[in-house]
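Structure file input24.csv (CSV, C-alpha atoms) follows.
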chain,number,residue,atom,x,y,z
Q,1,MET,CA,17.2,-2.7,-3.3
Q,2,THR,CA,13.7,-1.6,-4.1
Q,3,GLY,CA,10.3,-2.9,-5.3
Q,4,VAL,CA,7.4,-5.0,-4.3
Q,5,LEU,CA,7.3,-5.6,-0.6
Q,6,PRO,CA,3.8,-6.8,0.6
Q,7,ILE,CA,3.1,-5.5,4.1
Q,8,THR,CA,0.5,-7.4,6.1
Q,9,LEU,CA,-1.6,-5.5,8.6
Q,10,GLU,CA,-2.8,-7.0,11.9
Q,11,GLU,CA,-4.9,-10.2,11.2
Q,12,SER,CA,-3.6,-10.5,7.6
Q,13,ARG,CA,-0.1,-11.4,9.0
Q,14,LYS,CA,-1.5,-15.0,9.1
Q,15,ILE,CA,-1.1,-15.1,5.3
Q,16,VAL,CA,2.7,-14.3,5.4
Q,17,GLN,CA,3.5,-18.0,5.1
Q,18,ALA,CA,1.7,-18.2,1.8
Q,19,LEU,CA,3.6,-15.1,0.5
Q,20,LEU,CA,7.0,-16.3,1.6
Q,21,LEU,CA,6.5,-19.5,-0.4
Q,22,SER,CA,5.2,-17.7,-3.4
Q,23,GLY,CA,7.4,-17.0,-6.5
Q,24,LYS,CA,9.2,-13.8,-7.1
Q,25,GLU,CA,10.3,-11.8,-10.1
Q,26,TYR,CA,13.2,-9.3,-10.2
Q,27,VAL,CA,14.9,-7.0,-12.7
Q,28,CYS,CA,18.6,-7.0,-12.1
Q,29,ILE,CA,21.7,-5.3,-13.2
Q,30,MET,CA,24.7,-7.6,-13.1
Q,31,LYS,CA,28.2,-6.2,-13.4
Q,32,LEU,CA,30.7,-8.4,-15.2
Q,33,HIS,CA,34.3,-8.4,-14.1
Q,34,GLY,CA,35.7,-8.8,-17.6
Q,35,ASP,CA,34.6,-8.2,-21.2
Q,36,THR,CA,32.4,-10.9,-22.5
Q,37,PRO,CA,30.5,-11.3,-25.8
Q,38,GLU,CA,26.7,-10.9,-25.6
Q,39,GLU,CA,26.0,-14.3,-27.1
Q,40,ARG,CA,28.0,-15.9,-24.4
Q,41,VAL,CA,26.2,-14.0,-21.7
Q,42,ARG,CA,22.8,-14.9,-23.2
Q,43,ALA,CA,23.7,-18.6,-23.4
Q,44,VAL,CA,24.9,-18.8,-19.8
Q,45,LEU,CA,21.8,-17.0,-18.5
Q,46,LYS,CA,19.7,-19.7,-20.3
Q,47,GLU,CA,21.7,-22.4,-18.5
Q,48,PHE,CA,20.5,-21.1,-15.2
Q,49,GLU,CA,16.8,-21.6,-16.2
Q,50,ASP,CA,16.8,-24.8,-14.1
Q,51,ILE,CA,16.8,-26.0,-10.5
Q,52,ILE,CA,19.9,-24.5,-8.9
Q,53,TYR,CA,21.8,-25.1,-5.6
Q,54,GLN,CA,22.4,-22.3,-3.1
Q,55,ARG,CA,23.8,-22.1,0.4
Q,56,PRO,CA,22.3,-19.2,2.4
Q,57,PRO,CA,24.9,-16.4,3.0
Q,58,LEU,CA,26.8,-16.0,6.3
Q,59,ARG,CA,24.5,-13.2,7.5
Q,60,ALA,CA,21.3,-15.0,6.5
Q,61,SER,CA,18.6,-15.6,9.1
Q,62,VAL,CA,18.0,-19.2,8.1
Q,63,LYS,CA,19.9,-22.4,8.5
Q,64,ARG,CA,23.0,-22.5,6.3
Q,65,GLN,CA,22.1,-25.7,4.5
Q,66,LEU,CA,22.6,-26.3,0.8
Q,67,ARG,CA,19.1,-26.0,-0.8
Q,68,THR,CA,17.6,-26.0,-4.2
Q,69,ARG,CA,15.5,-23.3,-5.8
Q,70,ARG,CA,13.8,-23.3,-9.2
Q,71,ILE,CA,14.5,-20.5,-11.7
Q,72,TYR,CA,11.4,-20.4,-13.9
Q,73,TYR,CA,12.9,-18.0,-16.4
Q,74,ILE,CA,15.8,-15.6,-17.0
Q,75,ASP,CA,15.0,-13.1,-19.8
Q,76,PHE,CA,18.0,-11.1,-21.1
Q,77,ILE,CA,17.0,-7.5,-21.7
Q,78,GLU,CA,20.1,-5.6,-22.7
Q,79,MET,CA,23.8,-5.2,-22.2
Q,80,ASP,CA,25.9,-2.1,-22.0
Q,81,GLY,CA,29.7,-2.8,-21.7
Q,82,ARG,CA,30.0,-4.9,-18.6
Q,83,ASN,CA,26.5,-4.2,-17.3
Q,84,VAL,CA,23.9,-6.8,-18.0
Q,85,LEU,CA,20.2,-6.1,-17.5
Q,86,PHE,CA,17.9,-9.1,-17.1
Q,87,LYS,CA,14.6,-10.2,-15.6
Q,88,VAL,CA,14.4,-13.4,-13.5
Q,89,GLY,CA,11.3,-15.3,-12.3
Q,90,CYS,CA,12.2,-17.7,-9.4
Q,91,GLU,CA,11.0,-19.5,-6.3
Q,92,GLY,CA,10.7,-17.6,-3.0
Q,93,GLY,CA,14.0,-17.7,-1.1
Q,94,THR,CA,16.3,-17.5,-4.1
Q,95,TYR,CA,19.3,-15.3,-3.5
Q,96,ILE,CA,19.8,-13.1,-6.6
Q,97,ARG,CA,23.2,-11.8,-5.3
Q,98,MET,CA,24.4,-15.4,-5.2
Q,99,LEU,CA,22.8,-16.2,-8.6
Q,100,CYS,CA,24.9,-13.3,-10.1
Q,101,HIS,CA,28.0,-14.6,-8.4
Q,102,HIS,CA,27.5,-18.1,-9.8
Q,103,ILE,CA,26.7,-16.7,-13.3
Q,104,GLY,CA,30.0,-14.9,-13.1
Q,105,GLU,CA,31.8,-18.1,-12.2
Q,106,VAL,CA,30.4,-20.0,-15.2
Q,107,LEU,CA,31.3,-17.1,-17.5
Q,108,GLY,CA,34.8,-17.3,-16.0
Q,109,CYS,CA,35.2,-13.5,-15.6
Q,110,GLY,CA,33.3,-13.2,-12.3
Q,111,ALA,CA,30.3,-10.9,-11.7
Q,112,HIS,CA,28.3,-9.3,-9.0
Q,113,MET,CA,24.8,-7.9,-8.5
Q,114,GLN,CA,24.8,-4.2,-9.0
Q,115,GLU,CA,21.2,-3.2,-8.7
Q,116,LEU,CA,18.0,-5.1,-7.9
Q,117,ARG,CA,14.3,-4.3,-8.1
Q,118,ARG,CA,11.6,-6.8,-7.2
Q,119,THR,CA,8.8,-6.6,-9.8
Q,120,ARG,CA,6.6,-9.4,-8.3
Q,121,ALA,CA,6.0,-11.2,-5.0
Q,122,GLY,CA,3.3,-13.9,-5.5
Q,123,PRO,CA,0.2,-12.1,-6.9
Q,124,PHE,CA,1.5,-8.6,-6.1
Q,125,VAL,CA,3.1,-6.8,-9.1
Q,126,GLU,CA,4.6,-3.4,-9.6
Q,127,GLU,CA,2.1,-2.4,-12.3
Q,128,GLU,CA,-0.9,-2.8,-10.1
Q,129,GLY,CA,-1.9,-1.1,-6.9
Q,130,ILE,CA,1.7,-0.4,-5.7
Q,131,VAL,CA,2.2,2.5,-3.3
Q,132,THR,CA,5.1,4.3,-1.7
Q,133,LEU,CA,5.6,5.0,2.0
Q,134,HIS,CA,4.7,8.7,1.1
Q,135,ASP,CA,1.4,7.5,-0.5
Q,136,VAL,CA,0.6,5.4,2.6
Q,137,ALA,CA,1.2,8.4,4.9
Q,138,TYR,CA,-0.8,10.8,2.6
Q,139,TRP,CA,-3.8,8.6,1.9
Q,140,PHE,CA,-4.1,7.5,5.6
Q,141,MET,CA,-4.2,11.2,6.6
Q,142,GLU,CA,-6.8,11.9,3.9
Q,143,TRP,CA,-8.9,9.0,5.1
Q,144,GLN,CA,-8.8,10.2,8.7
Q,145,LYS,CA,-10.4,13.5,7.6
Q,146,ASP,CA,-13.7,12.1,6.4
Q,147,LYS,CA,-13.4,8.3,6.8
Q,148,ASP,CA,-14.2,7.7,3.2
Q,149,ASN,CA,-13.6,4.0,2.5
Q,150,THR,CA,-12.8,4.6,-1.2
Q,151,VAL,CA,-9.7,6.4,0.1
Q,152,LEU,CA,-8.6,3.3,2.1
Q,153,LYS,CA,-8.9,1.2,-1.0
Q,154,ARG,CA,-6.3,3.4,-2.8
Q,155,PHE,CA,-3.6,1.9,-0.7
Q,156,ILE,CA,-4.9,-1.2,1.2
Q,157,GLN,CA,-6.1,-4.4,-0.5
Q,158,PRO,CA,-8.1,-7.2,1.2
Q,159,MET,CA,-5.8,-10.1,2.4
Q,160,GLU,CA,-7.7,-12.3,-0.1
Q,161,LYS,CA,-5.7,-10.7,-2.8
Q,162,ALA,CA,-2.6,-12.3,-1.4
Q,163,LEU,CA,-4.2,-15.7,-2.0
Q,164,ALA,CA,-4.8,-15.1,-5.7
Q,165,LEU,CA,-2.3,-17.7,-6.9
Q,166,VAL,CA,-3.3,-20.4,-4.3
Q,167,PRO,CA,-5.9,-22.9,-5.6
Q,168,LYS,CA,-9.2,-22.3,-3.9
Q,169,ILE,CA,-12.1,-24.3,-2.4
Q,170,TYR,CA,-15.4,-22.5,-1.8
Q,171,ILE,CA,-17.5,-23.9,1.1
Q,172,ARG,CA,-21.1,-23.7,2.5
Q,173,ASP,CA,-21.9,-21.2,5.2
Q,174,SER,CA,-22.7,-24.2,7.5
Q,175,ALA,CA,-19.1,-25.5,7.2
Q,176,VAL,CA,-17.3,-22.2,7.9
Q,177,ASP,CA,-17.3,-22.1,11.7
Q,178,ALA,CA,-16.1,-25.7,12.0
Q,179,VAL,CA,-13.0,-24.8,9.9
Q,180,CYS,CA,-12.5,-21.6,11.9
Q,181,HIS,CA,-12.2,-24.0,14.9
Q,182,GLY,CA,-9.5,-25.9,13.1
Q,183,ALA,CA,-11.7,-28.8,11.9
Q,184,ARG,CA,-10.9,-30.6,8.6
Q,185,LEU,CA,-12.9,-29.8,5.6
Q,186,THR,CA,-15.1,-32.7,4.5
Q,187,ALA,CA,-16.7,-33.3,1.1
Q,188,PRO,CA,-20.3,-32.2,1.9
Q,189,GLY,CA,-19.0,-28.7,2.7
Q,190,VAL,CA,-17.5,-28.1,-0.7
Q,191,VAL,CA,-19.5,-26.0,-3.1
Q,192,SER,CA,-17.0,-25.3,-5.8
Q,193,LEU,CA,-13.3,-25.6,-6.4
Q,194,GLU,CA,-10.5,-24.7,-8.8
Q,195,THR,CA,-8.6,-27.0,-11.2
Q,196,GLY,CA,-5.0,-28.1,-10.4
Q,197,ILE,CA,-5.4,-29.2,-6.8
Q,198,SER,CA,-3.4,-32.3,-6.0
Q,199,SER,CA,-3.1,-34.3,-2.8
Q,200,GLY,CA,-0.6,-32.5,-0.5
Q,201,SER,CA,-0.8,-29.1,-2.1
Q,202,MET,CA,-1.7,-25.9,-0.3
Q,203,VAL,CA,-5.2,-24.7,-0.8
Q,204,ALA,CA,-7.2,-21.6,0.3
Q,205,ILE,CA,-10.6,-22.2,1.8
Q,206,LEU,CA,-13.1,-19.4,1.1
Q,207,THR,CA,-16.7,-18.6,1.8
Q,208,LEU,CA,-19.2,-18.0,-1.0
Q,209,LYS,CA,-18.8,-14.3,-0.4
Q,210,GLY,CA,-15.1,-14.7,-1.2
Q,211,GLU,CA,-13.7,-14.3,2.4
Q,212,ALA,CA,-10.7,-16.3,3.3
Q,213,VAL,CA,-11.4,-18.9,6.0
Q,214,ALA,CA,-8.2,-20.8,6.2
Q,215,LEU,CA,-5.1,-22.2,4.5
Q,216,ALA,CA,-5.1,-25.9,4.3
Q,217,ARG,CA,-3.4,-29.0,2.8
Q,218,ALA,CA,-5.5,-30.8,0.2
Q,219,GLU,CA,-6.0,-34.5,0.9
Q,220,ALA,CA,-7.3,-35.2,-2.6
Q,221,SER,CA,-7.1,-33.9,-6.2
Q,222,THR,CA,-9.7,-31.6,-7.9
Q,223,GLU,CA,-11.1,-34.6,-9.8
Q,224,GLU,CA,-11.3,-36.8,-6.7
Q,225,ILE,CA,-13.0,-34.1,-4.6
Q,226,LEU,CA,-15.6,-33.6,-7.3
Q,227,ASN,CA,-16.6,-37.2,-7.0
Q,228,MET,CA,-16.4,-37.5,-3.2
Q,229,GLU,CA,-19.6,-37.7,-1.2
Q,230,HIS,CA,-17.9,-37.9,2.2
Q,231,GLY,CA,-14.5,-38.0,3.7
Q,232,VAL,CA,-11.7,-35.4,4.4
Q,233,VAL,CA,-11.0,-33.0,1.5
Q,234,ALA,CA,-8.4,-30.8,3.3
Q,235,ARG,CA,-6.6,-30.5,6.6
Q,236,THR,CA,-6.8,-27.0,8.1
Q,237,LYS,CA,-3.3,-25.5,8.6
Q,238,ARG,CA,-3.8,-21.8,9.4
Q,239,VAL,CA,-7.2,-20.3,10.3
Q,240,LEU,CA,-7.6,-16.8,8.9
Q,241,MET,CA,-11.2,-16.0,9.9
Q,242,PRO,CA,-12.2,-15.2,13.5
Q,243,LYS,CA,-14.4,-17.9,15.2
Q,244,GLY,CA,-18.1,-17.0,15.4
Q,245,THR,CA,-18.1,-14.9,12.1
Q,246,TYR,CA,-20.6,-17.5,10.8
Q,247,PRO,CA,-23.1,-19.4,12.9
Q,248,LYS,CA,-22.1,-22.8,14.3
Q,249,GLY,CA,-23.3,-25.4,11.8
Q,250,TRP,CA,-22.7,-28.6,13.7
Q,251,ARG,CA,-24.3,-30.2,16.7
Q,252,SER,CA,-22.5,-31.1,19.8
Q,253,GLY,CA,-23.4,-32.8,23.1
Q,254,GLU,CA,-26.7,-33.9,21.7
Q,255,VAL,CA,-27.7,-37.6,21.3
R,1,MET,CA,16.0,-27.1,-20.3
R,2,PRO,CA,12.6,-25.9,-21.5
R,3,ARG,CA,11.4,-22.7,-19.8
R,4,SER,CA,9.3,-23.8,-16.8
R,5,VAL,CA,5.8,-22.4,-15.9
R,6,ALA,CA,5.9,-19.9,-13.1
R,7,PRO,CA,3.0,-20.0,-10.6
R,8,TRP,CA,1.5,-16.8,-12.0
R,9,GLU,CA,1.4,-18.3,-15.5
R,10,VAL,CA,-0.9,-21.2,-14.4
R,11,GLU,CA,-4.5,-20.8,-15.4
R,12,ARG,CA,-7.2,-22.2,-13.2
R,13,LYS,CA,-10.9,-22.8,-13.8
R,14,LEU,CA,-13.6,-22.8,-11.2
R,15,ILE,CA,-15.7,-26.0,-11.2
R,16,VAL,CA,-19.1,-26.0,-9.4
R,17,LYS,CA,-19.8,-29.2,-7.4
R,18,THR,CA,-23.2,-28.2,-6.0
R,19,GLU,CA,-25.5,-25.1,-6.1
R,20,GLU,CA,-25.6,-23.2,-2.9
R,21,GLU,CA,-26.5,-19.7,-1.6
R,22,THR,CA,-24.8,-17.7,1.1
R,23,ASP,CA,-26.8,-16.0,3.9
R,24,PRO,CA,-26.2,-12.2,3.7
R,25,ARG,CA,-26.6,-11.9,7.5
R,26,TYR,CA,-23.2,-13.3,8.2
R,27,GLY,CA,-19.8,-12.3,7.0
R,28,CYS,CA,-19.1,-9.8,4.3
R,29,ASN,CA,-17.6,-9.5,0.8
R,30,PRO,CA,-13.9,-8.5,1.4
R,31,GLU,CA,-14.2,-5.3,-0.6
R,32,GLU,CA,-17.2,-4.1,1.5
R,33,ARG,CA,-15.7,-4.7,5.0
R,34,PRO,CA,-16.3,-1.7,7.4
R,35,ALA,CA,-13.1,0.5,7.6
R,36,GLN,CA,-11.6,-0.9,10.8
R,37,GLU,CA,-12.1,-4.5,9.5
R,38,TYR,CA,-10.8,-3.5,6.1
R,39,ILE,CA,-7.5,-2.3,7.7
R,40,LYS,CA,-7.3,-5.3,10.0
R,41,PHE,CA,-7.6,-7.8,7.2
R,42,GLY,CA,-5.6,-5.7,4.7
R,43,VAL,CA,-2.4,-5.9,2.8
R,44,ILE,CA,-0.3,-3.1,1.3
R,45,ASN,CA,1.5,-3.6,-2.0
R,46,LEU,CA,4.4,-1.4,-0.9
R,47,ASP,CA,7.2,-0.1,-3.2
R,48,LYS,CA,10.2,-0.5,-0.9
R,49,PRO,CA,12.6,2.5,-1.0
R,50,ALA,CA,16.4,1.8,-1.3
R,51,GLY,CA,18.3,2.2,2.0
R,52,PRO,CA,16.2,1.0,4.9
R,53,THR,CA,15.7,-2.7,5.6
R,54,SER,CA,12.4,-4.5,4.9
R,55,HIS,CA,12.0,-4.7,8.7
R,56,GLU,CA,12.4,-0.9,9.2
R,57,VAL,CA,10.0,-0.2,6.3
R,58,ALA,CA,7.4,-2.5,7.9
R,59,ALA,CA,7.9,-0.7,11.3
R,60,TRP,CA,7.3,2.7,9.6
R,61,VAL,CA,4.0,1.5,8.2
R,62,LYS,CA,3.1,0.3,11.6
R,63,ARG,CA,3.8,3.7,13.0
R,64,ILE,CA,2.0,5.7,10.2
R,65,LEU,CA,-1.2,3.6,10.6
R,66,ASN,CA,-0.8,3.4,14.4
R,67,ILE,CA,-1.6,-0.3,14.5
R,68,GLN,CA,-0.2,-3.2,16.7
R,69,ASN,CA,1.0,-5.7,14.1
R,70,VAL,CA,2.6,-5.6,10.7
R,71,GLY,CA,4.6,-8.2,8.8
R,72,HIS,CA,6.1,-8.4,5.4
R,73,GLY,CA,6.2,-11.0,2.7
R,74,GLY,CA,9.8,-11.8,1.9
R,75,THR,CA,12.8,-9.8,2.9
R,76,LEU,CA,14.2,-7.5,0.2
R,77,GLU,CA,17.7,-6.5,1.3
R,78,ALA,CA,18.4,-2.8,2.1
Encoded form using structure tokens:
Amino acid sequence: MTGVLPITLEESRKIVQALLLSGKEYVCIMKLHGDTPEERVRAVLKEFEDIIYQRPPLRASVKRQLRTRRIYYIDFIEMDGRNVLFKVGCEGGTYIRMLCHHIGEVLGCGAHMQELRRTRAGPFVEEEGIVTLHDVAYWFMEWQKDKDNTVLKRFIQPMEKALALVPKIYIRDSAVDAVCHGARLTAPGVVSLETGISSGSMVAILTLKGEAVALARAEASTEEILNMEHGVVARTKRVLMPKGTYPKGWRSGEV
Amino acid sequence: MPRSVAPWEVERKLIVKTEEETDPRYGCNPEERPAQEYIKFGVINLDKPAGPTSHEVAAWVKRILNIQNVGHGGTLEA
């Protein structure tokens, strides 16, 4: 199986959590075990555009508990004999091999996954900035020759790219270091924010320079935060920026 | 079932709550980080080859770049 596999380096491993939860897209070849008319295949694929149940396979590394995953879309591309090519957009943690098996059961003839390529993992897509292992080895060697940073940018992207789909809150310089120490973000620290934040959703806290400070859980919606003058806006879950990057903006020990 | 909206199909707008400037003496725009920092806070959008496991591929990247820690975002079977 091939395709988009985001690799986090050193400090950026802290954003893996956000990537694992993010949606995925695949192109898949499914092999049917019996001759089936195209209209029937198209109709059954549509039936799976829903919340589906899956139990992790025997050799999976997670608890084998029945779980639900949302299939955002399945787009039929083409069919050649018993080979069906389709594109599927789904939640992270969906087993496509199992999806093919279940599609086969509904069709009645049975089916299995023949070939799979991941075309998206969260914000990372195969059309943009994707590199092979050979590219990584080559560009890294080139970079070591004259340490030209534009060469690094040919194969490495800032970790902030991984947060592109997470709603963002931009904060004042003076609020940054407190969040780096794990403090909750309060209303006075907020400078701007994105639409679509609701209480309980994951948000990314960024500086005005666009640097990731932390992943947090929102305590209020976008509209509520805009009208708040004080109070907790988000609870810090995963600090991404090293302490002391920005000066300490709060007082301690003074009366 | 109507086709549901995938997370990458959601459009978000930025709303400004207050005007504020940032001090250029601290921190750095992610695109302009010095090389070592750029690597340390970097992500590679890798095209996984068929054959090796996601874990093995991550270990190769670690060896090529000679760094201590790598991770990957979501196992893609061998």
(Q) If the cut-off is 7 Å, can you tell me the residues of chain Q near chain R, counting only C-alpha atoms? I'd like them as JSON, numbers by chain. (A) {"Q": [1, 2, 3, 4, 5, 6, 7, 8, 9, 10, 11, 12, 13, 16, 19, 20, 23, 49, 50, 72, 73, 124, 129, 130, 131, 132, 137, 140, 149, 155, 156, 157, 158, 159, 165, 173, 191, 192, 193, 194, 195, 196, 208, 209, 210, 211, 226, 245, 246]}
Q | CA of Met30 (chain Q) to CA of Val84 (chain Q), distance in Å rounded to a single decimal | A |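 For CA of Met30 (chain Q) relative to CA of Val84 (chain Q), the distance reads 5.0 Å.
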Q) Smallest atom-to-atom distance to Ala187 (chain Q): which of Q:Thr68, Q:Gln144, Q:Asn227, Q:Ser201, using only C-alpha atoms? A) Q:Asn227
Q: Just give me the residues with any atom within 12 Å of (-21.0, -28.7, 12.4), file coordinates, counting all atoms listed in the file, written as an MDAnalysis selection string.
A: chainID Q and resid 172:186 188:189 246:253
Q) Quick one: distance from CA of Met79 (chain Q) to CA of Leu45 (chain Q) in Å, one decimal? A)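 Those two atoms sit 12.5 Å apart.
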(Q) Rounded to one decimal, what separation in Å do you get between CA of Ala111 (chain Q) and CA of Ile96 (chain Q)? (A)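 Value for the CA of Ala111 (chain Q)-CA of Ile96 (chain Q) distance: 11.9 Å.
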Q: For each of Q:Arg238, Q:Ile225, Q:Lys153, Q:Leu133, take the minimum atom-to-atom distance to Glu56 (chain R), counting all atoms listed in the file, then give the residue where this is smallest.
A: Q:Leu133
Q: Tell me which of Q:Ile52, Q:Ala220, Q:Val213, Q:Ile29 sits closest to His112 (chain Q), counting all atoms listed in the file.
A: Q:Ile29
